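*Asks:* Pasting a structure here, questions to come.
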Amino acid sequence: MRPRLLVENADLQSLSTMATPARARYLVNAGTPEDACQALSWASREGLPVQVVGGGSNLIFCDDFPGLVLHMALRGKRWEAVNGDEATLMLAAGESWHQSVLYVAGAGYRGIENLALIPGTAGAAPVQNIGAYGVELSDSFISLLAWDRQAGEPVTLDREDCRFGYRDSLFKHEPERYLILEIRLRLSRHRPFELGYGELAQWFDGRTPDSPLEVAQAVMTVRRRKLPDPEQLPNTGSFFKNPVVTVAQWEELRDQWPDMVAYPTDGGVKLAAGWLIDQCGWKGYRNRTVGVHHRQALVLINHSGGNGKQVLELARRIRDDVLERYGVLLEMEPGVVPSACGLGSPV
Ligand SMILES: Cc1cc2nc3c(=O)[nH]c(=O)nc-3n(C[C@H](O)[C@H](O)[C@H](O)COP(=O)(O)OP(=O)(O)OC[C@H]3O[C@@H](n4cnc5c(N)ncnc54)[C@H](O)[C@@H]3O)c2cc1C
């Protein structure tokens, strides 16, 4: 049986914050787990490829998709356990992440206030273990409920199962396997605030904030100063991950480029991709359709009606320039749909 709510030849442009034009052979806007699972079973019976989409803030549509796009619109949130100062919150996959942060912080619970204003849905947050200002989703994560497409059954995955890393998780390594239906977070009224990150540290200047909502509001102000709003200037946030190099590599780079911005991290040194791109002269670059943001070199912008191929061509040129100058290969953060479009091998 065909899924409820099936749309044929659907326009995808409004489903991605980069707003590139593309169509899907089929689209389902799933409002319940049953809608979502039924659509997946149907696609599997029909032998169709499936692309799951939340808020589309970490995806670039670069061509028409020949299968089913499953848009996760499941709503709902529930406090499941409130135990003294600790609480467990369930968020359905389609809940807005940012609105959930405000809801939690407004209720006086701490843990995710630094992640305010990150676009997208709660269900996508574990996929790249979203992070900002020294905090990652994994710091508050308990577990999630997913539909295991391989086994054809629901499964609960805890923090360890999800194998979280820097912008990384199990779901990036097995992209076709799990459909995340809901996530569970542990929050606390007394967890210390994380205010060590430069701009937040400056904002509070040694003062203890009155509430998690105050921290969330400070994060929003700081972010708005430097990151373009996708509603005004279509973009997908950071386009490249900050590359991690070995200490030996870093020492060689530092000898040649003493100003290079870098931070120690587990297993090496993390370079600031925005700095590398800026030094190659790309900040503020703009052609007829696409460009690089004038304040943040890590953000690629679709200025006026650019398509996915134009965005990826610009990204490829930036990546190749950085590789040639610094010998460091930048890796894209957003996914590309269909995946075959990609950036291709370096020159
Ligand atoms: C202006 C801007 C600022 C940003 N800032 C940050 C930041 O500070 N830190 C950060 O980490 N990220 C940031 N991002 C990236 C992005 O917001 C996050 O990656 C976010 O979690 C993506 O959520 P989404 O719902 O839009 O996911 P989508 O873009 O729709 O999907 C992303 C991936 O997750 C998969 N997916 C989505 N939902 C599900 C589900 N229910 N089950 C299984 N797989 C699913 C998709 O298939 C895709 O592979 C920013 C983006 C923008 C545009």
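Chain labels A, B, ... are given in the sequence in which chains occur in the structure tokens; within each chain residues are numbered consecutively from 1, and ligands are likewise numbered from 1 in the order shown.
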Identify, counting only C-alpha atoms and all ligand atoms, the protein, DNA and RNA residues located within 6 Å of ligand 1, and give them as a count of residues only.

*Replies:* 33

*Asks:* What's around Arg4 in chain A at 9 Å? Count only C-alpha atoms, leave out sequence neighbours fewer than 2 positions away in its own chain, and write the answer as JSON, numbers by chain.

*Replies:* {"A": [1, 2, 6, 28, 30, 35, 38, 39]}

*Asks:* With a distance cut-off of 9 Å and only C-alpha atoms, select the neighbouring residues of range 314-322 of chain A, excluding the residue or stretch itself and same-chain residues fewer than 3 positions from it, and output the selection as a PDB file with N, CA and C atoms, in the first residue's frame.

*Replies:*
```
ATOM      1  N   PHE A 239      30.834  25.258   6.637  1.00  0.00           N
ATOM      2  CA  PHE A 239      30.797  24.384   5.464  1.00  0.00           C
ATOM      3  C   PHE A 239      31.852  23.286   5.547  1.00  0.00           C
ATOM      4  N   PHE A 240      32.963  23.593   6.269  1.00  0.00           N
ATOM      5  CA  PHE A 240      34.034  22.603   6.431  1.00  0.00           C
ATOM      6  C   PHE A 240      34.254  22.339   7.913  1.00  0.00           C
ATOM      7  N   LEU A 276      42.227  29.263   7.701  1.00  0.00           N
ATOM      8  CA  LEU A 276      42.920  28.767   6.503  1.00  0.00           C
ATOM      9  C   LEU A 276      42.263  29.335   5.235  1.00  0.00           C
ATOM     10  N   ILE A 277      40.938  29.356   5.244  1.00  0.00           N
ATOM     11  CA  ILE A 277      40.199  29.828   4.053  1.00  0.00           C
ATOM     12  C   ILE A 277      40.399  31.334   3.881  1.00  0.00           C
ATOM     13  N   GLN A 279      42.950  33.099   4.901  1.00  0.00           N
ATOM     14  CA  GLN A 279      44.324  33.376   4.452  1.00  0.00           C
ATOM     15  C   GLN A 279      44.490  33.116   2.955  1.00  0.00           C
ATOM     16  N   CYS A 280      43.667  32.258   2.392  1.00  0.00           N
ATOM     17  CA  CYS A 280      43.737  31.996   0.949  1.00  0.00           C
ATOM     18  C   CYS A 280      42.953  33.052   0.180  1.00  0.00           C
ATOM     19  N   TRP A 282      39.655  33.992   0.425  1.00  0.00           N
ATOM     20  CA  TRP A 282      38.280  33.715  -0.004  1.00  0.00           C
ATOM     21  C   TRP A 282      37.218  34.486   0.771  1.00  0.00           C
ATOM     22  N   VAL A 290      26.845  32.608  -5.926  1.00  0.00           N
ATOM     23  CA  VAL A 290      27.254  32.066  -4.614  1.00  0.00           C
ATOM     24  C   VAL A 290      28.510  32.764  -4.117  1.00  0.00           C
ATOM     25  N   GLY A 291      28.818  32.605  -2.823  1.00  0.00           N
ATOM     26  CA  GLY A 291      30.004  33.284  -2.296  1.00  0.00           C
ATOM     27  C   GLY A 291      30.359  32.803  -0.902  1.00  0.00           C
ATOM     28  N   VAL A 292      31.280  33.556  -0.298  1.00  0.00           N
ATOM     29  CA  VAL A 292      31.775  33.251   1.047  1.00  0.00           C
ATOM     30  C   VAL A 292      31.407  34.445   1.923  1.00  0.00           C
ATOM     31  N   LEU A 300      29.559  29.344   3.467  1.00  0.00           N
ATOM     32  CA  LEU A 300      29.276  29.594   2.048  1.00  0.00           C
ATOM     33  C   LEU A 300      27.817  30.038   1.921  1.00  0.00           C
ATOM     34  N   LYS A 309      25.219  22.589  -7.585  1.00  0.00           N
ATOM     35  CA  LYS A 309      26.496  22.347  -8.286  1.00  0.00           C
ATOM     36  C   LYS A 309      27.394  23.582  -8.187  1.00  0.00           C
ATOM     37  N   GLN A 310      26.783  24.764  -8.232  1.00  0.00           N
ATOM     38  CA  GLN A 310      27.588  25.995  -8.111  1.00  0.00           C
ATOM     39  C   GLN A 310      28.189  26.112  -6.704  1.00  0.00           C
ATOM     40  N   VAL A 311      27.396  25.749  -5.695  1.00  0.00           N
ATOM     41  CA  VAL A 311      27.914  25.780  -4.315  1.00  0.00           C
ATOM     42  C   VAL A 311      29.092  24.807  -4.196  1.00  0.00           C
ATOM     43  N   ARG A 325      48.150  25.310  -0.527  1.00  0.00           N
ATOM     44  CA  ARG A 325      48.956  26.234   0.284  1.00  0.00           C
ATOM     45  C   ARG A 325      49.460  25.609   1.582  1.00  0.00           C
ATOM     46  N   TYR A 326      48.587  24.843   2.264  1.00  0.00           N
ATOM     47  CA  TYR A 326      48.944  24.339   3.600  1.00  0.00           C
ATOM     48  C   TYR A 326      49.126  22.819   3.668  1.00  0.00           C
ATOM     49  N   GLY A 327      48.786  22.129   2.587  1.00  0.00           N
ATOM     50  CA  GLY A 327      48.876  20.664   2.620  1.00  0.00           C
ATOM     51  C   GLY A 327      47.850  20.044   3.555  1.00  0.00           C
ATOM     52  N   VAL A 328      46.759  20.768   3.843  1.00  0.00           N
ATOM     53  CA  VAL A 328      45.717  20.271   4.761  1.00  0.00           C
ATOM     54  C   VAL A 328      44.423  20.088   3.955  1.00  0.00           C
ATOM     55  N   LEU A 329      43.849  18.896   4.066  1.00  0.00           N
ATOM     56  CA  LEU A 329      42.630  18.603   3.294  1.00  0.00           C
ATOM     57  C   LEU A 329      41.394  18.920   4.122  1.00  0.00           C
ATOM     58  N   LEU A 330      40.588  19.853   3.647  1.00  0.00           N
ATOM     59  CA  LEU A 330      39.346  20.196   4.354  1.00  0.00           C
ATOM     60  C   LEU A 330      38.255  19.192   3.993  1.00  0.00           C
ATOM     61  N   GLU A 331      37.476  18.839   5.011  1.00  0.00           N
ATOM     62  CA  GLU A 331      36.373  17.895   4.792  1.00  0.00           C
ATOM     63  C   GLU A 331      35.059  18.651   4.947  1.00  0.00           C
ATOM     64  N   MET A 332      34.129  18.394   4.042  1.00  0.00           N
ATOM     65  CA  MET A 332      32.835  19.090   4.106  1.00  0.00           C
ATOM     66  C   MET A 332      32.036  18.664   5.324  1.00  0.00           C
ATOM     67  N   LEU A 343      32.296  16.328  -3.634  1.00  0.00           N
ATOM     68  CA  LEU A 343      33.316  17.287  -4.081  1.00  0.00           C
ATOM     69  C   LEU A 343      34.319  16.639  -5.035  1.00  0.00           C
ATOM     70  N   GLY A 344      34.366  15.334  -5.073  1.00  0.00           N
ATOM     71  CA  GLY A 344      35.360  14.659  -5.912  1.00  0.00           C
ATOM     72  C   GLY A 344      36.734  14.696  -5.263  1.00  0.00           C
ATOM     73  N   PRO A 346      40.707  15.616  -4.595  1.00  0.00           N
ATOM     74  CA  PRO A 346      41.468  16.858  -4.733  1.00  0.00           C
ATOM     75  C   PRO A 346      42.277  16.860  -6.026  1.00  0.00           C
ATOM     76  N   VAL A 347      42.670  18.079  -6.489  1.00  0.00           N
ATOM     77  CA  VAL A 347      43.455  18.183  -7.744  1.00  0.00           C
ATOM     78  C   VAL A 347      44.839  17.586  -7.514  1.00  0.00           C
TER      79      VAL A 347
END
```

*Asks:* Between A:Pro126, A:Gly67, A:Pro258, A:Gly267, which one has atoms that come closest to Leu170 in chain A, using only C-alpha atoms?

*Replies:*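 Going through A:Pro126, A:Gly67, A:Pro258, A:Gly267 one by one, the smallest distance to Leu170 in chain A is for A:Pro126.
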
*Asks:* So which residues touch range 209-221 of chain A within 9 Å, counting only C-alpha atoms, skipping near sequence neighbours fewer than 2 positions away, as a VMD selection string?

*Replies:* chain A and resid 101 to 102 104 to 117 133 189 193 195 199 to 200 203 to 204 207 223 to 225

*Asks:* Which value, in Å to one decimal, gives the distance between CA of Asp63 in chain A and CA of Cys37 in chain A?

*Replies:* 25.4 Å

*Asks:* What's the 8 Å shell around range 244-253 of chain A, counting only C-alpha atoms, without same-chain residues fewer than 3 positions away, as a ChimeraX atom specification?

*Replies:* /A:256-258,260,265,267-271,326

*Asks:* Selected residues, C-alpha atoms, written as a JSON list (two decimals), in the first residue's frame, please.

*Replies:*
```
[["chain", "number", "residue", "atom", "x", "y", "z"],
["A", 256, "GLN", "CA", 56.14, 28.23, 8.43],
["A", 257, "TRP", "CA", 52.98, 30.14, 9.49],
["A", 258, "PRO", "CA", 53.51, 31.38, 13.07],
["A", 260, "MET", "CA", 48.13, 29.95, 12.35],
["A", 265, "THR", "CA", 42.56, 18.35, 20.94],
["A", 267, "GLY", "CA", 44.82, 12.89, 19.31],
["A", 268, "GLY", "CA", 46.38, 16.01, 17.75],
["A", 269, "VAL", "CA", 45.87, 19.68, 17.00],
["A", 270, "LYS", "CA", 42.68, 21.20, 15.60],
["A", 271, "LEU", "CA", 43.22, 23.95, 13.01],
["A", 326, "TYR", "CA", 48.94, 24.34, 3.60]]
```
